[in-house]
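Trainee: Quick one: the structure is below, and I'll ask about it shortly.
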Amino acid sequence: MSPVLAVENLTRRFGGLTAVDDVSLAVRPGEILGVIGPNGSGKSTLFNCILGQLKPSSGRVRLDGEDVTGLAPTALNRRGVSRTFQLLQVFPNLTVRENLILAGQEHRGSLLSRLAGPRDAGLSSEAERMTAFFRLSHLADAKAGRLSYGQQKLLDAAMAFMAGPRLVLLDEPAGGVNPTMLGTLRDRLKALNAEAGATFVVIEHNMDFVMALCTRLVVLAEGRVIAEGEPASVRADKAVIDAYLGH
Amino acid sequence: MRRLDLNLFVLLLGAAILWVAPAGFGNYGLYVLSLWLVTAVAAMGLNLTLGYAGQVSLAQAAFLGLGAYATALMTAKLGLPWWLAFCASGLLCFAIGIGLGVPALRVQHHYLAFVTLAFATVVYLVARNEQWLTGGVYGLANIPRPAVLGDKLNGNLPFYRFVLAVALGLALVQWWILRSPWGRAFQALRENPLRAASLGVDVRLYTLLAFALGAAYGGFAGALYAPLVEFIDPAPFALSQSLMLLLMVIAGGAGYFLSPFLGALVGVALPEWLRFTGGAYLLFFAGAVMVLLVVSPQGLMGLADRAVQLVRERRRRPEPAAAPQPSEVR
C-alpha cells in the first residue's frame, strides 16, 4: 500500500546545529507509528517540519504522493492532517461542545454558509458522538478551561478527530496525564484505529504507553533514524538501548 | 454562547424601554440619548475588532468620519435618500477596512495600531484641508434628516426613535454574526491563533473580516451622526476621538456583547454629568475610568459578570476543582 505520509531525506538546521538529519520515513494507512527518542533527538522539530510550522532546510514531505513541503498549517489541515500539541491547546472560554464544533466547522460549506447557516454548522450530532466516545458527555456544556488536565487532553485529542482526518499527529499525548485517564486515552485511540481505520503518528516519552499503543516504531537519536520496526524488536535493539542509556 | 441569548433578551427589553421612556424628554435630553446610541454603534464595531478578534484599531473615529462625510455629501449635496447614503457609508468603510487590513494584518497588534493611527491622521487631514470636498474647518452644513415613508423626521423624538431602530437593527446583525460559526472562529483566534490555524481556521481571513466589519460599523454610525448634528466639521473625527472610542470599549468591557452601550454611556453621559465640576471634568473623568479599570480590568460588563458568577456559585454545589492553567505557549 502506498504511504499516507512520506518524509524524504528531511533535514533541518538551526545555525550550526542539525536538529533533523536526513530523515526518511513512511506512514502506512491504518497504522499507529510511534516516533521515540531521547530528549533533543529531533522529534518535535521533525513534527514541526511535517506540519508546516517550520520550513525544512532540505527534503520533501508528501501526503498521499502530493508534495506538501512547507505548506501552512491551515492548508495542511484542510487536506486532512490533524494534530495535537505537546502543551495543552484547547480554547478555555469555549465549552467542550463549542471546542469540538470549532474543530470541524471550517471543513464544512463555504465562508458565507458559515455566516448564514446554522449556529452549530450541522456538527452537533458529530460533537455529541465525539464527547460520548471520549467519555466527556457529562462535561459537554462545561467551559474547557474548567476541565482537569487529563480531561483537556482527551478533548484535545477529540478535536483532532472532528473533521474526519486522514492522518493525526499526536505530540506527547500522555504527558502529565494520570494513569486512569491515560488508560482511557490509549483505549480510545486504539478503538479509533481499529474501528475507523484512523492513521496516527505519535511522539511520546512514556514507553509503556508507546509499547501498548503503537504498531511500529521509529527511533531518533541526534536527528537520525537509528532503528525502526515492531515495538518488541526495537526494545531489544542495541543501538536503541545505547541511545537511551548513553554511551 | 448561551450568554448571547441572554444578551438578546436584554437588548430587546432595553430597546423597548428606550422607545417609550424619553417621551417627556426635552430636546437636549433626546440629543444626548441619540448621540449615545450613535456612539454605541461605532463602539460596537470596535468591540468586534478589539474585543472579539483581538486587534487594536486607532481609527474608529476616522471611519465614523468617513461615514459622516459620505452621508453629508450624498444627502446634502447630491440630494440622494438617506438609506442609500447609509448603505454606501458602511460599504465604503468595509472596503477601506479590507484595503487597509490586507497589508496591515501581515503584522498585527502594535503594527496594526500604527497603521490605523497613520490612517486616522490622514483622514483627519483630508477632512480639514480638502475644502472643495469637505468644506475644511468650516465643515458641511444643512445635512437633512432622513425621511420615513415620505415623512421627514424633523422632530427630535421621531428622529431619536429612528436612531434607536437603526442601532437595534445593527446590534441584531452583530448578534447574529457572533452566534454564527464566524463568532466562534473570532473567539478562537483571539484565544489561541496557533491552535485555531491547526484546526483549519483561516486566521488572516477571519481577522480581516473582523477588522472590516468593525470599520463598516464605524461608517454606519457616521451615517447616523451626520443627520443628528446636521453640521459636521473635522474635530469629532480626530485621533483623540478614536482613542476615546477605544477607551469606551475597554471601560465597557471588551469582548462583551453589550459593553459598547455601557462604554458609550461612560464616554457620552459621564462628561455631561460631570459638567458641574467645570474645567476639572476631564480630571474626574480620567480618575473614574482608571479606578474602574483597576477594580475590574474587564470593564463594567466584567463587573456585572463577576456579580452574576458569585450569585450562581453560592446557589450551586461546589464544582470539581478547576484545572491547573498551563502557561501559554506561542
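Within each chain, counting starts at residue 1; across the C-alpha cells, chains are named A, B, ... in the order shown, with ligands numbered 1 upward in that order.
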Could you go through segment 169-223 of chain A and tell me which residues DSSP, when run on the backbone, assigns to strand (DSSP E), listing them as a PyMOL selection string?
Mentor: chain A and resi 169-171+199-203+216-221
Trainee: Can you list every residue of chain A that has an atom at most 9 Å from chain B, with its nearest atom pair and the distance in Å to one decimal, using only C-alpha atoms, ordered by chain then number, as JSON lines?
Mentor:
```
{"residue": "A:Leu51", "atom": "CA", "partner": "B:Ser198", "partner_atom": "CA", "distance": 8.7}
{"residue": "A:Ala72", "atom": "CA", "partner": "B:Ala197", "partner_atom": "CA", "distance": 8.7}
{"residue": "A:Pro73", "atom": "CA", "partner": "B:Ser198", "partner_atom": "CA", "distance": 5.3}
{"residue": "A:Thr74", "atom": "CA", "partner": "B:Gly200", "partner_atom": "CA", "distance": 4.5}
{"residue": "A:Ala75", "atom": "CA", "partner": "B:Gly200", "partner_atom": "CA", "distance": 6.9}
{"residue": "A:Leu76", "atom": "CA", "partner": "B:Gly200", "partner_atom": "CA", "distance": 8.0}
{"residue": "A:Asn77", "atom": "CA", "partner": "B:Gly200", "partner_atom": "CA", "distance": 5.2}
{"residue": "A:Arg78", "atom": "CA", "partner": "B:Gly200", "partner_atom": "CA", "distance": 5.7}
{"residue": "A:Val81", "atom": "CA", "partner": "B:Ser198", "partner_atom": "CA", "distance": 8.8}
{"residue": "A:Ser82", "atom": "CA", "partner": "B:Ser198", "partner_atom": "CA", "distance": 7.0}
{"residue": "A:Arg83", "atom": "CA", "partner": "B:Ser198", "partner_atom": "CA", "distance": 7.0}
{"residue": "A:Thr84", "atom": "CA", "partner": "B:Ser198", "partner_atom": "CA", "distance": 8.6}
{"residue": "A:Phe85", "atom": "CA", "partner": "B:Arg195", "partner_atom": "CA", "distance": 8.3}
{"residue": "A:Leu87", "atom": "CA", "partner": "B:Val329", "partner_atom": "CA", "distance": 7.6}
{"residue": "A:Leu88", "atom": "CA", "partner": "B:Pro326", "partner_atom": "CA", "distance": 7.0}
{"residue": "A:Gln89", "atom": "CA", "partner": "B:Arg195", "partner_atom": "CA", "distance": 6.3}
{"residue": "A:Val90", "atom": "CA", "partner": "B:Arg195", "partner_atom": "CA", "distance": 7.6}
{"residue": "A:Phe91", "atom": "CA", "partner": "B:Glu191", "partner_atom": "CA", "distance": 6.4}
{"residue": "A:Pro92", "atom": "CA", "partner": "B:Glu191", "partner_atom": "CA", "distance": 8.0}
{"residue": "A:Asn93", "atom": "CA", "partner": "B:Glu191", "partner_atom": "CA", "distance": 8.1}
{"residue": "A:Leu94", "atom": "CA", "partner": "B:Met1", "partner_atom": "CA", "distance": 8.1}
{"residue": "A:Thr95", "atom": "CA", "partner": "B:Met1", "partner_atom": "CA", "distance": 8.6}
{"residue": "A:Glu98", "atom": "CA", "partner": "B:Arg184", "partner_atom": "CA", "distance": 7.7}
{"residue": "A:Asn99", "atom": "CA", "partner": "B:Ala188", "partner_atom": "CA", "distance": 8.8}
{"residue": "A:Ile101", "atom": "CA", "partner": "B:Pro181", "partner_atom": "CA", "distance": 8.6}
{"residue": "A:Leu102", "atom": "CA", "partner": "B:Arg184", "partner_atom": "CA", "distance": 6.6}
{"residue": "A:Ala103", "atom": "CA", "partner": "B:Leu199", "partner_atom": "CA", "distance": 5.4}
{"residue": "A:Gly104", "atom": "CA", "partner": "B:Leu199", "partner_atom": "CA", "distance": 7.5}
{"residue": "A:Gln105", "atom": "CA", "partner": "B:Pro181", "partner_atom": "CA", "distance": 7.1}
{"residue": "A:Glu106", "atom": "CA", "partner": "B:Gly200", "partner_atom": "CA", "distance": 5.8}
{"residue": "A:His107", "atom": "CA", "partner": "B:Gly200", "partner_atom": "CA", "distance": 7.2}
{"residue": "A:Leu111", "atom": "CA", "partner": "B:Trp182", "partner_atom": "CA", "distance": 8.5}
{"residue": "A:Arg114", "atom": "CA", "partner": "B:Pro181", "partner_atom": "CA", "distance": 5.6}
{"residue": "A:Leu115", "atom": "CA", "partner": "B:Ser180", "partner_atom": "CA", "distance": 5.6}
{"residue": "A:Ala116", "atom": "CA", "partner": "B:Ser180", "partner_atom": "CA", "distance": 7.4}
{"residue": "A:Gly117", "atom": "CA", "partner": "B:Ser180", "partner_atom": "CA", "distance": 7.4}
{"residue": "A:Pro118", "atom": "CA", "partner": "B:Ser180", "partner_atom": "CA", "distance": 6.9}
{"residue": "A:Arg119", "atom": "CA", "partner": "B:Ser180", "partner_atom": "CA", "distance": 4.6}
{"residue": "A:Asp120", "atom": "CA", "partner": "B:Pro181", "partner_atom": "CA", "distance": 6.8}
{"residue": "A:Ala121", "atom": "CA", "partner": "B:Pro181", "partner_atom": "CA", "distance": 6.7}
{"residue": "A:Gly145", "atom": "CA", "partner": "B:Ala323", "partner_atom": "CA", "distance": 6.8}
{"residue": "A:Arg146", "atom": "CA", "partner": "B:Ala322", "partner_atom": "CA", "distance": 5.0}
{"residue": "A:Leu147", "atom": "CA", "partner": "B:Ala323", "partner_atom": "CA", "distance": 5.5}
{"residue": "A:Ser148", "atom": "CA", "partner": "B:Ala323", "partner_atom": "CA", "distance": 4.4}
{"residue": "A:Tyr149", "atom": "CA", "partner": "B:Ala323", "partner_atom": "CA", "distance": 5.8}
{"residue": "A:Gln152", "atom": "CA", "partner": "B:Ala323", "partner_atom": "CA", "distance": 8.7}
{"residue": "A:Met159", "atom": "CA", "partner": "B:Leu199", "partner_atom": "CA", "distance": 8.2}
{"residue": "A:Ala160", "atom": "CA", "partner": "B:Leu199", "partner_atom": "CA", "distance": 7.6}
{"residue": "A:Ala163", "atom": "CA", "partner": "B:Leu199", "partner_atom": "CA", "distance": 8.7}
```
Trainee: Residues as selected, N, CA and C atoms, written as a CSV table (one decimal), in the first residue's frame, can you do that?
Mentor:
```
chain,number,residue,atom,x,y,z
A,51,LEU,N,4.4,19.5,9.7
A,51,LEU,CA,3.2,20.3,9.9
A,51,LEU,C,3.2,21.7,9.4
A,72,ALA,N,1.3,25.8,4.8
A,72,ALA,CA,0.9,26.3,6.0
A,72,ALA,C,0.0,25.4,6.8
A,73,PRO,N,0.0,25.5,8.1
A,73,PRO,CA,-0.8,24.6,9.0
A,73,PRO,C,-2.3,24.6,8.6
A,74,THR,N,-2.8,25.7,8.3
A,74,THR,CA,-4.3,25.8,7.9
A,74,THR,C,-4.5,25.0,6.6
A,75,ALA,N,-3.7,25.2,5.6
A,75,ALA,CA,-3.8,24.5,4.3
A,75,ALA,C,-3.7,23.0,4.5
A,76,LEU,N,-2.7,22.6,5.4
A,76,LEU,CA,-2.4,21.2,5.6
A,76,LEU,C,-3.6,20.5,6.3
A,77,ASN,N,-4.2,21.3,7.3
A,77,ASN,CA,-5.4,20.8,8.0
A,77,ASN,C,-6.5,20.6,7.0
A,78,ARG,N,-6.7,21.5,6.1
A,78,ARG,CA,-7.8,21.3,5.1
A,78,ARG,C,-7.6,20.1,4.3
A,81,VAL,N,-4.9,16.7,7.6
A,81,VAL,CA,-3.9,16.4,8.6
A,81,VAL,C,-4.3,17.1,9.9
A,82,SER,N,-4.5,16.4,10.9
A,82,SER,CA,-4.8,16.9,12.2
A,82,SER,C,-3.7,16.8,13.2
A,83,ARG,N,-3.7,17.6,14.2
A,83,ARG,CA,-2.6,17.4,15.2
A,83,ARG,C,-3.1,17.8,16.6
A,84,THR,N,-2.3,17.3,17.6
A,84,THR,CA,-2.5,17.8,18.9
A,84,THR,C,-1.1,18.4,19.3
A,85,PHE,N,-1.1,19.2,20.3
A,85,PHE,CA,0.1,19.9,20.7
A,85,PHE,C,0.7,19.3,22.0
A,87,LEU,N,1.9,20.9,24.6
A,87,LEU,CA,1.3,21.5,25.7
A,87,LEU,C,-0.2,21.7,25.3
A,88,LEU,N,-1.0,21.8,26.4
A,88,LEU,CA,-2.4,21.9,26.1
A,88,LEU,C,-2.8,23.0,25.2
A,89,GLN,N,-3.7,22.7,24.3
A,89,GLN,CA,-4.2,23.7,23.3
A,89,GLN,C,-5.7,23.5,23.1
A,90,VAL,N,-6.5,23.8,24.1
A,90,VAL,CA,-7.9,23.9,23.9
A,90,VAL,C,-8.3,25.3,24.1
A,91,PHE,N,-9.5,25.7,23.8
A,91,PHE,CA,-10.0,27.1,23.9
A,91,PHE,C,-10.7,27.1,25.3
A,92,PRO,N,-10.1,27.7,26.3
A,92,PRO,CA,-10.6,27.6,27.7
A,92,PRO,C,-12.0,28.3,27.9
A,93,ASN,N,-12.3,29.3,27.1
A,93,ASN,CA,-13.5,30.0,27.3
A,93,ASN,C,-14.7,29.5,26.5
A,94,LEU,N,-14.4,28.5,25.6
A,94,LEU,CA,-15.5,27.9,24.9
A,94,LEU,C,-15.8,26.6,25.6
A,95,THR,N,-17.1,26.1,25.5
A,95,THR,CA,-17.5,24.9,26.1
A,95,THR,C,-16.8,23.7,25.4
A,98,GLU,N,-18.5,23.5,22.1
A,98,GLU,CA,-18.0,24.5,21.2
A,98,GLU,C,-16.6,24.3,20.6
A,99,ASN,N,-15.8,23.8,21.5
A,99,ASN,CA,-14.4,23.4,21.0
A,99,ASN,C,-14.5,22.4,19.9
A,101,ILE,N,-17.1,21.7,17.9
A,101,ILE,CA,-17.7,22.2,16.7
A,101,ILE,C,-16.7,23.1,16.0
A,102,LEU,N,-16.0,23.9,16.7
A,102,LEU,CA,-15.0,24.8,16.1
A,102,LEU,C,-14.0,23.9,15.3
A,103,ALA,N,-13.6,22.8,15.9
A,103,ALA,CA,-12.6,21.9,15.2
A,103,ALA,C,-13.1,21.4,13.9
A,104,GLY,N,-14.4,21.3,13.7
A,104,GLY,CA,-14.9,20.8,12.5
A,104,GLY,C,-15.5,21.8,11.5
A,105,GLN,N,-15.9,23.0,12.0
A,105,GLN,CA,-16.7,23.9,11.2
A,105,GLN,C,-16.0,24.4,9.9
A,106,GLU,N,-14.7,24.6,10.0
A,106,GLU,CA,-14.0,25.1,8.8
A,106,GLU,C,-13.9,24.1,7.6
A,107,HIS,N,-14.3,22.9,7.9
A,107,HIS,CA,-14.2,21.8,6.9
A,107,HIS,C,-15.6,21.7,6.2
A,111,LEU,N,-17.5,30.0,3.3
A,111,LEU,CA,-17.4,31.0,4.3
A,111,LEU,C,-18.8,31.6,4.6
A,114,ARG,N,-21.3,29.6,6.5
A,114,ARG,CA,-20.9,29.6,7.9
A,114,ARG,C,-21.5,30.8,8.6
A,115,LEU,N,-21.8,31.9,7.8
A,115,LEU,CA,-22.4,33.1,8.4
A,115,LEU,C,-23.9,33.0,8.4
A,116,ALA,N,-24.4,32.5,7.3
A,116,ALA,CA,-25.9,32.5,7.2
A,116,ALA,C,-26.5,31.2,7.7
A,117,GLY,N,-25.7,30.1,7.8
A,117,GLY,CA,-26.3,28.8,8.2
A,117,GLY,C,-26.5,28.6,9.7
A,118,PRO,N,-26.7,27.4,10.1
A,118,PRO,CA,-27.0,27.1,11.5
A,118,PRO,C,-25.8,27.4,12.3
A,119,ARG,N,-26.0,27.7,13.6
A,119,ARG,CA,-25.0,28.1,14.6
A,119,ARG,C,-24.0,26.9,14.8
A,120,ASP,N,-24.5,25.7,14.7
A,120,ASP,CA,-23.6,24.6,15.0
A,120,ASP,C,-23.0,24.0,13.8
A,121,ALA,N,-23.2,24.7,12.6
A,121,ALA,CA,-22.6,24.3,11.3
A,121,ALA,C,-23.0,22.8,11.1
A,145,GLY,N,-11.8,25.3,30.0
A,145,GLY,CA,-10.8,25.7,31.0
A,145,GLY,C,-11.1,25.2,32.4
A,146,ARG,N,-12.3,24.7,32.6
A,146,ARG,CA,-12.6,24.2,33.9
A,146,ARG,C,-12.4,22.7,34.1
A,147,LEU,N,-12.0,22.0,33.0
A,147,LEU,CA,-11.8,20.6,33.0
A,147,LEU,C,-10.4,20.3,33.6
A,148,SER,N,-10.2,19.0,34.1
A,148,SER,CA,-8.9,18.7,34.6
A,148,SER,C,-8.0,18.5,33.5
A,149,TYR,N,-6.7,18.5,33.8
A,149,TYR,CA,-5.6,18.4,32.8
A,149,TYR,C,-5.9,17.2,31.8
A,152,GLN,N,-8.8,17.7,29.6
A,152,GLN,CA,-8.5,18.6,28.5
A,152,GLN,C,-7.6,17.9,27.4
A,159,MET,N,-10.8,16.8,19.5
A,159,MET,CA,-10.8,17.9,18.5
A,159,MET,C,-10.1,17.5,17.2
A,160,ALA,N,-9.0,16.7,17.4
A,160,ALA,CA,-8.2,16.4,16.2
A,160,ALA,C,-9.0,15.4,15.3
A,163,ALA,N,-12.9,16.5,12.2
A,163,ALA,CA,-13.0,16.7,10.7
A,163,ALA,C,-12.8,15.4,9.9
```
Trainee: If we count only C-alpha atoms and set the cut-off at 12 Å, which residues sit around Arg129 of chain A, ignoring sequence neighbours fewer than 6 positions away in its own chain? Please answer as a VMD selection string.
Mentor: chain A and resid 97 100 to 101 123 135 to 137 140 158 to 159 161 to 162
Trainee: In terms of the shortest atom-to-atom distance over only C-alpha atoms, which of B:Leu153, B:Leu58, B:Leu140, B:Leu270 is closest to Ala215 of chain B?
Mentor: B:Leu58
Trainee: So that I can see what lies close to Leu6 of chain B, please list as a list in words the residues with an atom at most 12 Å from it, counting only C-alpha atoms and leaving out residues fewer than 6 positions away in the same chain.
Mentor: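 Everything that qualifies: Leu12, Leu13, Trp175, Tyr256, Phe257 and Leu258 of chain B.
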Trainee: With N, CA and C atoms retained, could you export that selection as a short mmCIF file (atom, residue, chain, number, x, y, z; two decimals), in the first residue's frame?
Mentor:
```cif
data_model
loop_
_atom_site.label_atom_id
_atom_site.label_comp_id
_atom_site.auth_asym_id
_atom_site.auth_seq_id
_atom_site.Cartn_x
_atom_site.Cartn_y
_atom_site.Cartn_z
N LEU B 12 -33.41 43.53 23.55
CA LEU B 12 -34.78 43.82 23.13
C LEU B 12 -35.56 44.55 24.23
N LEU B 13 -35.34 44.12 25.46
CA LEU B 13 -36.00 44.77 26.57
C LEU B 13 -35.54 46.23 26.67
N TRP B 175 -25.29 40.53 16.62
CA TRP B 175 -25.64 39.38 17.45
C TRP B 175 -25.66 38.11 16.60
N TYR B 256 -17.46 41.74 25.45
CA TYR B 256 -18.84 41.50 25.91
C TYR B 256 -19.79 42.16 24.92
N PHE B 257 -20.82 41.45 24.56
CA PHE B 257 -21.72 41.94 23.52
C PHE B 257 -22.34 43.30 23.87
N LEU B 258 -22.75 43.48 25.10
CA LEU B 258 -23.46 44.70 25.47
C LEU B 258 -22.53 45.84 25.90
#
```
Trainee: At what distance in Å, to one decimal, does atom CA of Glu222 of chain A lie from atom CA of Gly42 of chain A?
Mentor: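 Separation of atom CA of Gly42 of chain A and atom CA of Glu222 of chain A: 6.7 Å.
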Trainee: Closest to Thr18 of chain A among A:Val61, A:Asp242, A:Asp156, A:Pro56, using only C-alpha atoms?
Mentor: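 Of A:Val61, A:Asp242, A:Asp156, A:Pro56, the one nearest Thr18 of chain A is A:Pro56, counting only C-alpha atoms.
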Trainee: Please extract the residues of segment 86-223 of chain A with a backbone DSSP assignment of helix (DSSP H, G or I) and present them as a PyMOL selection string.
Mentor: chain A and resi 96-105+111-116+124-133+137-139+144-146+149-161+179-196+207-213
Trainee: Can you measure atom CA of Tyr28 of chain B to atom CA of Gly222 of chain B for me? One decimal in Å is fine.
Mentor: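 One can read the atom CA of Tyr28 of chain B to atom CA of Gly222 of chain B distance as 20.1 Å.
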Trainee: Of the candidates B:Gly218, B:Val123, B:Leu33, B:Gly302, which shows the shortest atom-to-atom distance to Ala21 of chain B, using only C-alpha atoms?
Mentor: B:Leu33
Trainee: What's the 8 Å shell around Glu172 of chain A, counting only C-alpha atoms, without same-chain residues fewer than 5 positions away, as a PyMOL selection string?
Mentor: chain A and resi 85-86+202-205
Trainee: Could the residues in this selection be written to a file with N, CA and C atoms, as a PDB file, in the first residue's frame?
Mentor:
```pdb
ATOM      1  N   PHE A  85      -1.098  19.240  20.313  1.00  0.00           N
ATOM      2  CA  PHE A  85       0.148  19.874  20.705  1.00  0.00           C
ATOM      3  C   PHE A  85       0.687  19.262  21.990  1.00  0.00           C
ATOM      4  N   GLN A  86       1.989  19.446  22.175  1.00  0.00           N
ATOM      5  CA  GLN A  86       2.648  18.908  23.356  1.00  0.00           C
ATOM      6  C   GLN A  86       2.059  19.527  24.615  1.00  0.00           C
ATOM      7  N   VAL A 202       2.641   9.163  16.519  1.00  0.00           N
ATOM      8  CA  VAL A 202       2.666   9.581  17.915  1.00  0.00           C
ATOM      9  C   VAL A 202       4.098   9.836  18.369  1.00  0.00           C
ATOM     10  N   ILE A 203       4.344  11.024  18.920  1.00  0.00           N
ATOM     11  CA  ILE A 203       5.603  11.271  19.612  1.00  0.00           C
ATOM     12  C   ILE A 203       5.331  11.040  21.077  1.00  0.00           C
ATOM     13  N   GLU A 204       6.159  10.266  21.745  1.00  0.00           N
ATOM     14  CA  GLU A 204       5.859  10.017  23.150  1.00  0.00           C
ATOM     15  C   GLU A 204       7.102   9.605  23.922  1.00  0.00           C
ATOM     16  N   HIS A 205       7.118   9.989  25.196  1.00  0.00           N
ATOM     17  CA  HIS A 205       8.211   9.596  26.090  1.00  0.00           C
ATOM     18  C   HIS A 205       7.851   8.386  26.926  1.00  0.00           C
TER      19      HIS A 205
END
```
Trainee: Restricting the calculation to only C-alpha atoms: of A:Asp187, A:Val225, A:Gly122, A:Lys143, which residue gets closest to Val7 of chain A?
Mentor: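 Ranked by minimum distance to Val7 of chain A, first place goes to A:Val225.
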Trainee: Quick one: residues within 10 Å of Gly26 of chain B, only C-alpha atoms, excluding same-chain residues fewer than 5 positions away - as a ChimeraX atom specification?
Mentor: /B:31,156-157
Trainee: Given the selection you just returned, output its residues as a file containing C-alpha atoms, formatted as a short mmCIF file (atom, residue, chain, number, x, y, z; two decimals), in the first residue's frame.
Mentor:
```cif
data_model
loop_
_atom_site.label_atom_id
_atom_site.label_comp_id
_atom_site.auth_asym_id
_atom_site.auth_seq_id
_atom_site.Cartn_x
_atom_site.Cartn_y
_atom_site.Cartn_z
CA TYR B 31 -29.93 64.77 21.64
CA ASN B 156 -36.34 65.25 17.78
CA LEU B 157 -38.40 62.44 19.26
#
```
